[in-house]
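Have a look at input21.cif; it's mmCIF, C-alpha atoms and all ligand atoms:
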data_structure
loop_
_atom_site.label_atom_id
_atom_site.label_comp_id
_atom_site.auth_asym_id
_atom_site.auth_seq_id
_atom_site.Cartn_x
_atom_site.Cartn_y
_atom_site.Cartn_z
CA MET A 1 24.31 8.34 8.26
CA GLY A 2 24.80 9.90 4.90
CA SER A 3 28.46 9.19 4.21
CA ALA A 4 27.80 6.11 2.10
CA LEU A 5 25.00 7.77 0.17
CA ASN A 6 26.04 9.09 -3.21
CA PRO A 7 23.19 11.07 -4.85
CA GLN A 8 25.52 12.10 -7.68
CA ARG A 9 25.73 8.43 -8.66
CA THR A 10 21.94 8.37 -9.09
CA ILE A 11 22.14 11.38 -11.40
CA GLU A 12 24.88 9.69 -13.46
CA GLU A 13 22.84 6.49 -13.67
CA LEU A 14 19.77 8.42 -14.82
CA LYS A 15 21.85 9.99 -17.58
CA GLU A 16 23.26 6.62 -18.57
CA LEU A 17 19.78 5.14 -18.72
CA ARG A 18 18.69 8.06 -20.89
CA ARG A 19 21.58 7.37 -23.29
CA LEU A 20 20.73 3.67 -23.39
CA THR A 21 16.96 3.89 -23.80
CA GLY A 22 16.16 7.31 -25.21
CA ASP A 23 16.49 9.09 -28.53
CA GLU A 24 16.10 12.65 -29.83
CA ASN A 25 12.37 12.48 -29.04
CA GLY A 26 12.78 11.38 -25.42
CA ALA A 27 12.57 8.18 -23.38
CA GLN A 28 11.33 5.08 -25.25
CA ARG A 29 10.96 2.56 -22.43
CA VAL A 30 7.43 1.46 -23.28
CA ALA A 31 6.53 -1.60 -21.20
CA PHE A 32 7.05 -5.07 -22.69
CA THR A 33 9.20 -3.76 -25.57
CA PRO A 34 12.89 -4.63 -26.20
CA THR A 35 13.94 -1.16 -24.96
CA TRP A 36 12.06 -1.74 -21.71
CA LEU A 37 13.83 -5.08 -21.29
CA LYS A 38 17.12 -3.28 -21.86
CA ALA A 39 16.22 -0.77 -19.12
CA ARG A 40 15.36 -3.63 -16.80
CA GLU A 41 18.70 -5.28 -17.53
CA PHE A 42 20.39 -1.98 -16.64
CA LEU A 43 18.47 -1.93 -13.38
CA LYS A 44 19.40 -5.53 -12.59
CA GLN A 45 23.08 -4.73 -13.17
CA ARG A 46 22.88 -2.09 -10.42
CA PHE A 47 22.66 -4.90 -7.88
CA GLU A 48 25.64 -6.90 -9.13
CA GLY A 49 28.18 -7.47 -6.42
CA LEU A 50 25.57 -7.02 -3.70
CA PRO A 51 24.00 -9.95 -1.80
CA VAL A 52 20.65 -9.04 -3.33
CA GLU A 53 18.16 -11.58 -4.71
CA THR A 54 16.35 -10.47 -7.83
CA HIS A 55 13.29 -12.00 -9.45
CA ILE A 56 10.30 -11.20 -11.63
CA ASP A 57 6.93 -11.89 -10.00
CA ALA A 58 3.77 -13.35 -11.55
CA ALA A 59 2.68 -9.93 -12.86
CA GLY A 60 6.06 -9.04 -14.37
CA ASN A 61 7.16 -6.77 -11.53
CA PHE A 62 10.91 -6.79 -10.81
CA TRP A 63 11.98 -7.23 -7.18
CA ALA A 64 15.41 -6.85 -5.60
CA THR A 65 15.64 -8.05 -2.02
CA LEU A 66 18.34 -7.43 0.58
CA ARG A 67 17.51 -9.76 3.47
CA GLY A 68 17.55 -8.22 6.91
CA GLU A 69 17.48 -9.55 10.44
CA LYS A 70 13.71 -9.30 10.50
CA LYS A 71 11.28 -10.50 7.89
CA GLN A 72 9.37 -7.20 7.93
CA GLU A 73 10.09 -5.35 4.73
CA LEU A 74 10.71 -1.78 3.72
CA LEU A 75 9.65 -1.42 0.08
CA MET A 76 10.84 1.36 -2.24
CA GLY A 77 9.30 1.43 -5.68
CA GLY A 78 8.85 3.04 -9.03
CA HIS A 79 8.56 2.18 -12.69
CA ILE A 80 11.28 2.02 -15.30
CA ASP A 81 8.74 2.08 -18.14
CA SER A 82 7.91 5.36 -19.86
CA VAL A 83 5.38 6.69 -22.30
CA PRO A 84 6.66 6.92 -25.90
CA ASN A 85 8.73 10.13 -26.23
CA GLY A 86 8.66 10.43 -22.44
CA GLY A 87 10.85 12.29 -19.98
CA TRP A 88 14.11 11.12 -18.45
CA LEU A 89 12.94 11.08 -14.81
CA ASP A 90 9.34 9.91 -14.59
CA GLY A 91 9.40 6.54 -12.87
CA CYS A 92 13.07 5.69 -13.19
CA LEU A 93 14.18 8.35 -10.67
CA ASN A 94 12.04 6.52 -8.11
CA VAL A 95 13.68 3.15 -8.78
CA LEU A 96 17.25 4.40 -9.05
CA ALA A 97 16.91 6.47 -5.87
CA GLY A 98 15.69 3.27 -4.20
CA VAL A 99 18.81 1.49 -5.47
CA GLU A 100 21.05 4.19 -3.97
CA VAL A 101 19.27 4.02 -0.61
CA LEU A 102 19.60 0.23 -0.61
CA ARG A 103 23.34 0.57 -1.31
CA ARG A 104 23.70 3.02 1.58
CA ILE A 105 21.84 0.70 3.95
CA TYR A 106 23.95 -2.23 2.77
CA ALA A 107 27.19 -0.34 3.36
CA GLU A 108 26.19 0.95 6.76
CA THR A 109 24.82 -2.29 8.12
CA LYS A 110 27.62 -4.43 6.66
CA GLY A 111 25.07 -6.21 4.50
CA LYS A 112 22.68 -7.13 7.31
CA PRO A 113 20.03 -4.43 7.77
CA PRO A 114 17.65 -4.74 10.73
CA VAL A 115 14.68 -5.18 8.37
CA THR A 116 14.50 -6.59 4.85
CA VAL A 117 14.90 -3.90 2.20
CA ARG A 118 13.37 -4.30 -1.27
CA VAL A 119 13.30 -2.27 -4.46
CA VAL A 120 10.41 -2.93 -6.84
CA ASP A 121 10.05 -1.89 -10.47
CA TRP A 122 6.33 -2.11 -11.26
CA ALA A 123 5.47 -3.43 -14.72
CA ASP A 124 3.64 -1.12 -17.12
CA GLU A 125 2.78 1.75 -14.83
CA GLU A 126 2.11 4.03 -17.78
CA GLY A 127 -0.33 1.85 -19.71
CA ALA A 128 1.00 3.46 -22.88
CA ARG A 129 0.32 0.44 -25.08
CA PHE A 130 -2.96 -0.98 -23.75
CA GLY A 131 -4.47 2.13 -22.19
CA LYS A 132 -4.51 0.56 -18.73
CA SER A 133 -2.14 2.19 -16.28
CA LEU A 134 -0.81 0.67 -13.02
CA PHE A 135 -0.94 -2.84 -14.48
CA GLY A 136 1.70 -4.55 -12.34
CA SER A 137 0.85 -2.78 -9.10
CA SER A 138 -2.91 -3.31 -9.51
CA ALA A 139 -2.33 -7.03 -10.16
CA CYS A 140 -0.24 -7.11 -6.99
CA SER A 141 -2.82 -5.19 -4.93
CA GLY A 142 -5.62 -7.40 -6.26
CA ASN A 143 -7.54 -4.47 -7.77
CA LEU A 144 -6.93 -5.39 -11.41
CA ASP A 145 -10.21 -6.10 -13.21
CA MET A 146 -9.33 -9.37 -14.94
CA ASN A 147 -12.25 -9.37 -17.38
CA GLU A 148 -11.55 -5.84 -18.49
CA ALA A 149 -7.79 -6.43 -18.77
CA ARG A 150 -8.24 -9.71 -20.66
CA ALA A 151 -10.07 -7.87 -23.43
CA LEU A 152 -7.53 -5.05 -23.87
CA THR A 153 -5.80 -4.76 -27.24
CA ASP A 154 -3.06 -2.48 -28.54
CA LYS A 155 -3.36 -0.49 -31.76
CA GLU A 156 -2.13 -3.49 -33.79
CA GLY A 157 -4.94 -5.59 -32.31
CA ILE A 158 -2.61 -7.67 -30.12
CA ARG A 159 -4.34 -8.77 -26.92
CA LEU A 160 -2.76 -7.95 -23.56
CA PRO A 161 -2.57 -11.65 -22.53
CA ASP A 162 -0.68 -12.44 -25.77
CA ALA A 163 1.74 -9.54 -25.32
CA LEU A 164 2.39 -10.72 -21.75
CA LYS A 165 3.05 -14.26 -22.95
CA GLN A 166 5.80 -12.83 -25.19
CA VAL A 167 7.67 -11.66 -22.10
CA GLY A 168 6.97 -14.83 -20.13
CA ILE A 169 3.96 -13.71 -18.08
CA ASP A 170 0.84 -15.89 -17.74
CA PHE A 171 -2.03 -13.43 -17.62
CA GLU A 172 -4.34 -15.75 -15.70
CA ARG A 173 -1.86 -15.93 -12.82
CA VAL A 174 -0.87 -12.26 -12.46
CA LYS A 175 -2.69 -11.83 -9.16
CA GLU A 176 -0.37 -14.38 -7.57
CA SER A 177 2.02 -11.45 -7.28
CA ARG A 178 -0.04 -10.46 -4.23
CA GLN A 179 2.18 -12.72 -2.12
CA GLU A 180 5.03 -10.23 -2.63
CA LEU A 181 3.30 -7.91 -0.16
CA LYS A 182 2.83 -10.40 2.66
CA ASN A 183 5.68 -9.04 4.78
CA ALA A 184 5.49 -5.46 3.57
CA ALA A 185 5.66 -3.07 6.53
CA ALA A 186 5.92 0.18 4.55
CA TYR A 187 6.08 1.41 0.98
CA LEU A 188 7.94 4.56 -0.08
CA GLU A 189 7.90 6.15 -3.52
CA LEU A 190 9.80 9.17 -4.74
CA HIS A 191 8.47 10.87 -7.88
CA ILE A 192 8.78 14.05 -9.86
CA GLU A 193 5.75 16.22 -9.15
CA GLN A 194 4.68 16.49 -12.82
CA GLY A 195 2.85 19.70 -11.94
CA PRO A 196 3.74 23.31 -11.06
CA VAL A 197 2.86 23.49 -7.33
CA LEU A 198 6.39 23.14 -5.87
CA LEU A 199 7.81 25.25 -8.70
CA ASP A 200 5.39 28.09 -7.92
CA LEU A 201 6.23 27.87 -4.21
CA ASN A 202 9.92 27.78 -5.07
CA LEU A 203 10.36 24.63 -2.97
CA PRO A 204 12.43 21.62 -4.03
CA LEU A 205 10.48 18.89 -2.21
CA GLY A 206 7.02 18.06 -0.92
CA ALA A 207 5.31 15.37 1.17
CA VAL A 208 2.39 13.77 -0.63
CA LEU A 209 -0.85 13.39 1.31
CA GLY A 210 -2.30 10.74 -0.98
CA THR A 211 -3.56 10.24 -4.49
CA CYS A 212 -6.82 11.85 -5.44
CA GLY A 213 -9.98 9.92 -6.10
CA VAL A 214 -11.33 10.29 -9.62
CA GLU A 215 -14.88 10.52 -10.99
CA ARG A 216 -14.89 10.34 -14.79
CA HIS A 217 -18.15 10.66 -16.68
CA ALA A 218 -19.60 11.27 -20.12
CA ILE A 219 -22.48 13.78 -20.05
CA THR A 220 -24.84 13.84 -23.03
CA PHE A 221 -27.23 16.72 -23.63
CA ARG A 222 -30.02 16.16 -26.15
CA GLY A 223 -31.94 18.97 -27.85
CA GLN A 224 -33.26 19.31 -31.38
CA ALA A 225 -31.51 19.78 -34.72
CA ALA A 226 -32.90 22.79 -36.57
CA HIS A 227 -31.94 24.98 -39.52
CA SER A 228 -29.41 27.59 -38.52
CA GLY A 229 -31.06 30.21 -40.72
CA SER A 230 -34.76 29.70 -40.15
CA THR A 231 -34.83 28.99 -36.39
CA PRO A 232 -35.16 32.12 -34.22
CA MET A 233 -32.88 32.16 -31.21
CA ASN A 234 -35.75 31.89 -28.73
CA ARG A 235 -37.10 28.70 -30.38
CA ARG A 236 -33.95 26.60 -30.16
CA LYS A 237 -33.25 23.49 -28.13
CA ASP A 238 -29.51 23.90 -28.39
CA ALA A 239 -27.68 20.97 -26.81
CA PHE A 240 -24.34 22.71 -27.27
CA LEU A 241 -25.46 25.76 -25.30
CA ALA A 242 -26.61 23.59 -22.39
CA ALA A 243 -23.31 21.67 -22.42
CA ALA A 244 -21.23 24.85 -22.81
CA ARG A 245 -22.74 26.32 -19.64
CA MET A 246 -20.98 23.49 -17.78
CA GLY A 247 -17.67 25.11 -18.78
CA PRO A 248 -17.70 28.03 -16.32
CA GLU A 249 -19.73 26.00 -13.82
CA ILE A 250 -16.99 23.44 -13.15
CA TYR A 251 -14.62 26.26 -12.16
CA LYS A 252 -17.14 27.35 -9.52
CA ILE A 253 -17.58 23.76 -8.34
CA ALA A 254 -13.81 23.31 -8.03
CA GLU A 255 -13.50 26.62 -6.17
CA ARG A 256 -16.22 25.65 -3.69
CA ASN A 257 -14.45 22.35 -3.10
CA ALA A 258 -10.83 23.51 -3.17
CA PRO A 259 -8.34 22.01 -3.83
CA GLY A 260 -10.41 19.72 -6.08
CA VAL A 261 -9.99 19.91 -9.84
CA CYS A 262 -12.51 19.46 -12.67
CA THR A 263 -11.81 19.12 -16.37
CA ILE A 264 -14.04 18.98 -19.42
CA GLY A 265 -11.64 17.21 -21.74
CA SER A 266 -13.71 16.51 -24.80
CA CYS A 267 -16.78 17.78 -26.60
CA THR A 268 -18.49 16.23 -29.61
CA THR A 269 -21.62 17.43 -31.36
CA LYS A 270 -24.24 15.92 -33.64
CA PRO A 271 -25.05 16.48 -36.41
CA GLY A 272 -21.86 18.51 -36.22
CA ILE A 273 -22.46 20.61 -39.31
CA VAL A 274 -22.16 24.34 -39.67
CA THR A 275 -25.80 24.90 -40.66
CA SER A 276 -27.57 23.07 -37.84
CA VAL A 277 -28.39 23.77 -34.23
CA VAL A 278 -26.73 21.01 -32.18
CA GLU A 279 -29.04 18.10 -31.47
CA GLU A 280 -26.71 16.14 -29.25
CA CYS A 281 -23.64 17.27 -27.35
CA ARG A 282 -21.45 14.90 -25.40
CA ILE A 283 -18.80 16.20 -23.02
CA THR A 284 -16.51 14.32 -20.67
CA LEU A 285 -15.94 15.43 -17.10
CA ASP A 286 -12.97 14.35 -14.96
CA GLN A 287 -13.14 15.35 -11.27
CA ARG A 288 -10.43 14.70 -8.68
CA HIS A 289 -10.20 15.21 -4.94
CA LEU A 290 -8.24 13.72 -2.07
CA ASP A 291 -11.32 13.82 0.15
CA ALA A 292 -13.99 11.24 -0.72
CA LYS A 293 -16.87 13.35 0.64
CA GLN A 294 -15.82 16.42 -1.29
CA LEU A 295 -15.32 14.35 -4.43
CA ALA A 296 -18.87 13.02 -4.07
CA ARG A 297 -20.11 16.57 -3.56
CA MET A 298 -18.31 17.85 -6.67
CA HIS A 299 -19.94 15.06 -8.64
CA ALA A 300 -23.41 15.79 -7.22
CA GLU A 301 -23.06 19.53 -7.84
CA ALA A 302 -22.14 18.93 -11.48
CA GLN A 303 -25.14 16.65 -11.90
CA VAL A 304 -27.55 19.19 -10.44
CA ALA A 305 -26.11 21.96 -12.62
CA SER A 306 -26.36 19.84 -15.77
CA GLU A 307 -30.02 19.12 -15.08
CA ARG A 308 -30.72 22.79 -14.57
CA PHE A 309 -28.95 23.82 -17.80
CA ALA A 310 -30.74 21.06 -19.72
CA LYS A 311 -34.15 22.14 -18.40
CA GLU A 312 -33.54 25.83 -19.05
CA GLY A 313 -32.50 25.02 -22.61
CA GLY A 314 -35.39 22.68 -23.42
CA CYS A 315 -32.99 19.70 -23.50
CA THR A 316 -32.51 16.47 -21.60
CA VAL A 317 -29.30 15.19 -20.06
CA SER A 318 -27.91 11.76 -19.19
CA TRP A 319 -24.75 10.67 -17.37
CA ASP A 320 -22.57 7.60 -17.96
CA ARG A 321 -19.74 6.76 -15.63
CA ILE A 322 -16.55 6.04 -17.58
CA TRP A 323 -14.34 5.21 -14.63
CA HIS A 324 -13.80 6.00 -10.99
CA ILE A 325 -11.35 5.30 -8.23
CA ALA A 326 -11.50 6.14 -4.55
CA PRO A 327 -8.92 8.50 -2.99
CA ALA A 328 -5.90 6.79 -1.43
CA PRO A 329 -4.86 8.86 1.60
CA PHE A 330 -1.33 7.98 2.70
CA HIS A 331 -0.23 6.95 6.19
CA PRO A 332 -0.24 9.91 8.65
CA GLU A 333 2.94 8.91 10.47
CA LEU A 334 4.82 8.29 7.25
CA ILE A 335 3.64 11.67 5.92
CA GLN A 336 5.10 13.21 9.08
CA PHE A 337 8.42 11.36 8.55
CA CYS A 338 8.45 12.55 4.96
CA ASP A 339 7.89 16.13 6.07
CA ASP A 340 10.66 15.82 8.69
CA ALA A 341 13.09 14.26 6.20
CA ILE A 342 12.45 17.10 3.76
CA ARG A 343 12.86 19.78 6.40
CA GLU A 344 16.13 18.25 7.59
CA THR A 345 17.39 18.22 4.00
CA CYS A 346 16.34 21.60 2.63
CA GLY A 347 14.74 23.55 5.45
CA LYS A 348 11.16 23.76 4.28
CA SER A 349 8.48 21.28 3.33
CA HIS A 350 5.03 21.45 1.81
CA ARG A 351 2.19 18.95 1.87
CA LEU A 352 0.23 18.37 -1.31
CA PRO A 353 -2.11 15.80 -2.83
CA SER A 354 -1.23 13.97 -6.03
CA GLY A 355 -3.68 14.51 -8.88
CA PRO A 356 -2.06 11.85 -11.06
CA LEU A 357 -2.33 8.25 -9.93
CA HIS A 358 0.78 6.32 -9.00
CA ASP A 359 1.69 2.73 -8.13
CA ALA A 360 1.77 3.95 -4.52
CA ALA A 361 -2.04 4.26 -4.64
CA GLU A 362 -2.36 0.55 -5.36
CA VAL A 363 0.07 -0.45 -2.60
CA CYS A 364 -1.76 1.89 -0.22
CA MET A 365 -5.13 0.35 -1.14
CA ALA A 366 -3.63 -3.10 -0.51
CA GLY A 367 -3.28 -1.98 3.12
CA VAL A 368 0.46 -1.30 3.25
CA PRO A 369 1.41 1.95 5.08
CA THR A 370 2.50 4.18 2.21
CA VAL A 371 3.85 7.63 1.47
CA MET A 372 5.27 9.45 -1.53
CA MET A 373 7.77 12.29 -1.80
CA PHE A 374 7.65 14.76 -4.69
CA VAL A 375 10.54 16.67 -6.17
CA GLN A 376 9.95 19.84 -8.15
CA SER A 377 9.42 19.56 -11.91
CA LEU A 378 10.81 22.37 -14.05
CA HIS A 379 8.14 23.74 -16.40
CA GLY A 380 5.67 21.70 -14.28
CA ILE A 381 5.65 19.21 -17.15
CA SER A 382 6.15 15.49 -17.73
CA HIS A 383 5.33 12.85 -20.35
CA ASN A 384 7.37 15.02 -22.64
CA LYS A 385 11.04 15.13 -23.54
CA ILE A 386 11.30 18.61 -21.96
CA GLU A 387 10.54 17.09 -18.56
CA ASP A 388 13.36 18.12 -16.24
CA THR A 389 14.42 18.76 -12.65
CA LYS A 390 17.43 20.77 -11.46
CA GLU A 391 20.37 18.51 -10.61
CA GLU A 392 20.72 20.08 -7.18
CA HIS A 393 17.09 19.15 -6.52
CA LEU A 394 17.70 15.62 -7.75
CA ALA A 395 20.58 15.29 -5.31
CA MET A 396 18.40 16.71 -2.52
CA CYS A 397 15.56 14.32 -3.21
CA VAL A 398 17.82 11.28 -3.00
CA GLU A 399 19.17 12.58 0.30
CA ALA A 400 15.71 13.32 1.72
CA PHE A 401 14.36 10.00 0.47
CA ASP A 402 17.22 8.25 2.24
CA ARG A 403 16.36 10.06 5.48
CA LEU A 404 12.74 9.01 5.03
CA ALA A 405 13.84 5.38 4.57
CA GLU A 406 15.93 5.54 7.75
CA LYS A 407 13.06 6.98 9.80
CA THR A 408 10.72 4.36 8.39
CA ILE A 409 13.06 1.51 9.30
CA LYS A 410 13.18 2.78 12.89
CA TRP A 411 9.38 2.99 12.89
CA ILE A 412 9.04 -0.58 11.60
CA LEU A 413 11.42 -1.79 14.29
CA ALA A 414 9.58 0.08 17.02
CA LYS A 415 6.31 -1.53 15.95
CA SER A 416 7.62 -5.07 15.66
ZN ZN B 501 5.47 7.96 -13.09
#
Would you mind writing the structure in this file as structure tokens?
Ligand SMILES: [Zn+2]
Amino acid sequence: MGSALNPQRTIEELKELRRLTGDENGAQRVAFTPTWLKAREFLKQRFEGLPVETHIDAAGNFWATLRGEKKQELLMGGHIDSVPNGGWLDGCLNVLAGVEVLRRIYAETKGKPPVTVRVVDWADEEGARFGKSLFGSSACSGNLDMNEARALTDKEGIRLPDALKQVGIDFERVKESRQELKNAAAYLELHIEQGPVLLDLNLPLGAVLGTCGVERHAITFRGQAAHSGSTPMNRRKDAFLAAARMGPEIYKIAERNAPGVCTIGSCTTKPGIVTSVVEECRITLDQRHLDAKQLARMHAEAQVASERFAKEGGCTVSWDRIWHIAPAPFHPELIQFCDDAIRETCGKSHRLPSGPLHDAAEVCMAGVPTVMMFVQSLHGISHNKIEDTKEEHLAMCVEAFDRLAEKTIKWILAKS
């Protein structure tokens, strides 16, 4: 294998896509916009001349299918949409690498692979316009909350169902896309890491263990407003002080539950004036872990700490859950194949969880054996025009991803 694979072509296509759909501020492929449609057209053109069927499913996901001898399917996916002013690799690397692997399989099997091979471009992974990420893949997995999604509006007040209608999608039928997964035997997704772990280890590639579960809460401490001049320090019920003590505490919680992560991302105070002790302080807490038990423990530890800080400060505290999602651990055998493919390509592999969510989490939760491969991100940054990966690493990831696909096909055949 390998001779028909041309990773350099993927790099050229990524650059061409950047020219077509980016500007001086970065990628502009926001879902359901004309630029996104242009990117999709570019993707569709990649399959011209191949005996590949393409269609858009009920949720707006794009599928390209190369029929094989068996109906069992190998799926490779990603998202061609970007955030506004996004990077040149996030999402589209995944899809275009899938295209290259499909071409290699086509060439080597004379157009008749042993299993059916499909490339999927999930619609609106980023959720940049409506604030709901993983739209297409969550519709397909069945996890999309229809009532919540029906009520979403963009900043112009346009409702999600109306925006979908503009691009030919009937919101009420999006979950019919579930049928796309009925023969899915495995799902593979390549992605830039978007973080600094592989960079710090000086490794090009990593095998992803799963996507972390998330607990996201608002925590409100209530004390008493009082004059900043006349109230002695020992008489205050300072809601800010109680909330602020959570700051160092979450670092201890994360350390006790390594490699979990905790973030206090926002803090608002009332009355919020310079001459008053804070009466009410609301902070948000985002906690992530690949292990469900440890995630639950991180959450419980934060709750206990908040109650202690409230009590010690003469305040009260209340918690409101903003959002949560369970961890999605990937398939152990596929993780092993991913590790092997990486080692065969560049000598050394590393296993790591994904803090960010990906479409792969939805496919995994739908019960399809899933794994992701990460390639190093320079600067450890994405969702920014400075997002970048060394070209030699891009070439390596296409090669390793291809090896992973080959191993997975053999695995599907052995099982069927
Ligand atoms: Zn992405």
Q: Go ahead and find all residues with at least one atom no further than 10 Å from (7.4, 19.1, -4.6) in the file's coordinates, using all atoms listed in the file; report them as a PyMOL selection string.
A: chain A and resi 191-208+342+349-352+373-377+393+397
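With only C-alpha atoms and all ligand atoms as the basis for measurement, A:Glu387 is the residue among A:Glu73, A:Asp320, A:Glu387, A:Asp238 that approaches ligand ZN 501 (chain B) most closely.
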Do you have, as JSON lines, the list of residues of chain A lying at most 10 Å from ligand ZN 501 (chain B), each with its nearest atom pair and that distance in Å to one decimal, counting only C-alpha atoms and all ligand atoms and ordered by chain then number?
{"residue": "A:Gly78", "atom": "CA", "partner": "B:ZN501", "partner_atom": "ZN", "distance": 7.2}
{"residue": "A:His79", "atom": "CA", "partner": "B:ZN501", "partner_atom": "ZN", "distance": 6.6}
{"residue": "A:Ile80", "atom": "CA", "partner": "B:ZN501", "partner_atom": "ZN", "distance": 8.6}
{"residue": "A:Asp81", "atom": "CA", "partner": "B:ZN501", "partner_atom": "ZN", "distance": 8.4}
{"residue": "A:Ser82", "atom": "CA", "partner": "B:ZN501", "partner_atom": "ZN", "distance": 7.7}
{"residue": "A:Val83", "atom": "CA", "partner": "B:ZN501", "partner_atom": "ZN", "distance": 9.3}
{"residue": "A:Gly87", "atom": "CA", "partner": "B:ZN501", "partner_atom": "ZN", "distance": 9.8}
{"residue": "A:Leu89", "atom": "CA", "partner": "B:ZN501", "partner_atom": "ZN", "distance": 8.3}
{"residue": "A:Asp90", "atom": "CA", "partner": "B:ZN501", "partner_atom": "ZN", "distance": 4.6}
{"residue": "A:Gly91", "atom": "CA", "partner": "B:ZN501", "partner_atom": "ZN", "distance": 4.2}
{"residue": "A:Cys92", "atom": "CA", "partner": "B:ZN501", "partner_atom": "ZN", "distance": 7.9}
{"residue": "A:Leu93", "atom": "CA", "partner": "B:ZN501", "partner_atom": "ZN", "distance": 9.0}
{"residue": "A:Asn94", "atom": "CA", "partner": "B:ZN501", "partner_atom": "ZN", "distance": 8.4}
{"residue": "A:Glu125", "atom": "CA", "partner": "B:ZN501", "partner_atom": "ZN", "distance": 7.0}
{"residue": "A:Glu126", "atom": "CA", "partner": "B:ZN501", "partner_atom": "ZN", "distance": 7.0}
{"residue": "A:Leu134", "atom": "CA", "partner": "B:ZN501", "partner_atom": "ZN", "distance": 9.6}
{"residue": "A:Leu190", "atom": "CA", "partner": "B:ZN501", "partner_atom": "ZN", "distance": 9.5}
{"residue": "A:His191", "atom": "CA", "partner": "B:ZN501", "partner_atom": "ZN", "distance": 6.7}
{"residue": "A:Ile192", "atom": "CA", "partner": "B:ZN501", "partner_atom": "ZN", "distance": 7.6}
{"residue": "A:Glu193", "atom": "CA", "partner": "B:ZN501", "partner_atom": "ZN", "distance": 9.2}
{"residue": "A:Gln194", "atom": "CA", "partner": "B:ZN501", "partner_atom": "ZN", "distance": 8.6}
{"residue": "A:Pro356", "atom": "CA", "partner": "B:ZN501", "partner_atom": "ZN", "distance": 8.7}
{"residue": "A:Leu357", "atom": "CA", "partner": "B:ZN501", "partner_atom": "ZN", "distance": 8.4}
{"residue": "A:His358", "atom": "CA", "partner": "B:ZN501", "partner_atom": "ZN", "distance": 6.4}
{"residue": "A:Asp359", "atom": "CA", "partner": "B:ZN501", "partner_atom": "ZN", "distance": 8.1}
{"residue": "A:Ser382", "atom": "CA", "partner": "B:ZN501", "partner_atom": "ZN", "distance": 8.9}
{"residue": "A:His383", "atom": "CA", "partner": "B:ZN501", "partner_atom": "ZN", "distance": 8.8}
Q.
Which residues are near Asp170 of chain A? Cut-off 12 Å, all atoms listed in the file, ignore same chain within fewer than 5 positions. Put them as a PyMOL selection string.
A. chain A and resi 57-60+150+160-165+175-177
Could you save the residues just selected, with C-alpha atoms, as a CSV table (one decimal), keeping the file's coordinate frame?
chain,number,residue,atom,x,y,z
A,57,ASP,CA,6.9,-11.9,-10.0
A,58,ALA,CA,3.8,-13.4,-11.6
A,59,ALA,CA,2.7,-9.9,-12.9
A,60,GLY,CA,6.1,-9.0,-14.4
A,150,ARG,CA,-8.2,-9.7,-20.7
A,160,LEU,CA,-2.8,-8.0,-23.6
A,161,PRO,CA,-2.6,-11.6,-22.5
A,162,ASP,CA,-0.7,-12.4,-25.8
A,163,ALA,CA,1.7,-9.5,-25.3
A,164,LEU,CA,2.4,-10.7,-21.8
A,165,LYS,CA,3.0,-14.3,-23.0
A,175,LYS,CA,-2.7,-11.8,-9.2
A,176,GLU,CA,-0.4,-14.4,-7.6
A,177,SER,CA,2.0,-11.4,-7.3
Q) Got a sec to check which residues sit within 12 Å of (-10.9, -8.3, -18.8), counting all atoms listed in the file, and write them as a list of chain:residue names? A) A:Phe130, A:Lys132, A:Leu144, A:Asp145, A:Met146, A:Asn147, A:Glu148, A:Ala149, A:Arg150, A:Ala151, A:Leu152, A:Thr153, A:Arg159, A:Leu160, A:Pro161, A:Phe171, A:Glu172
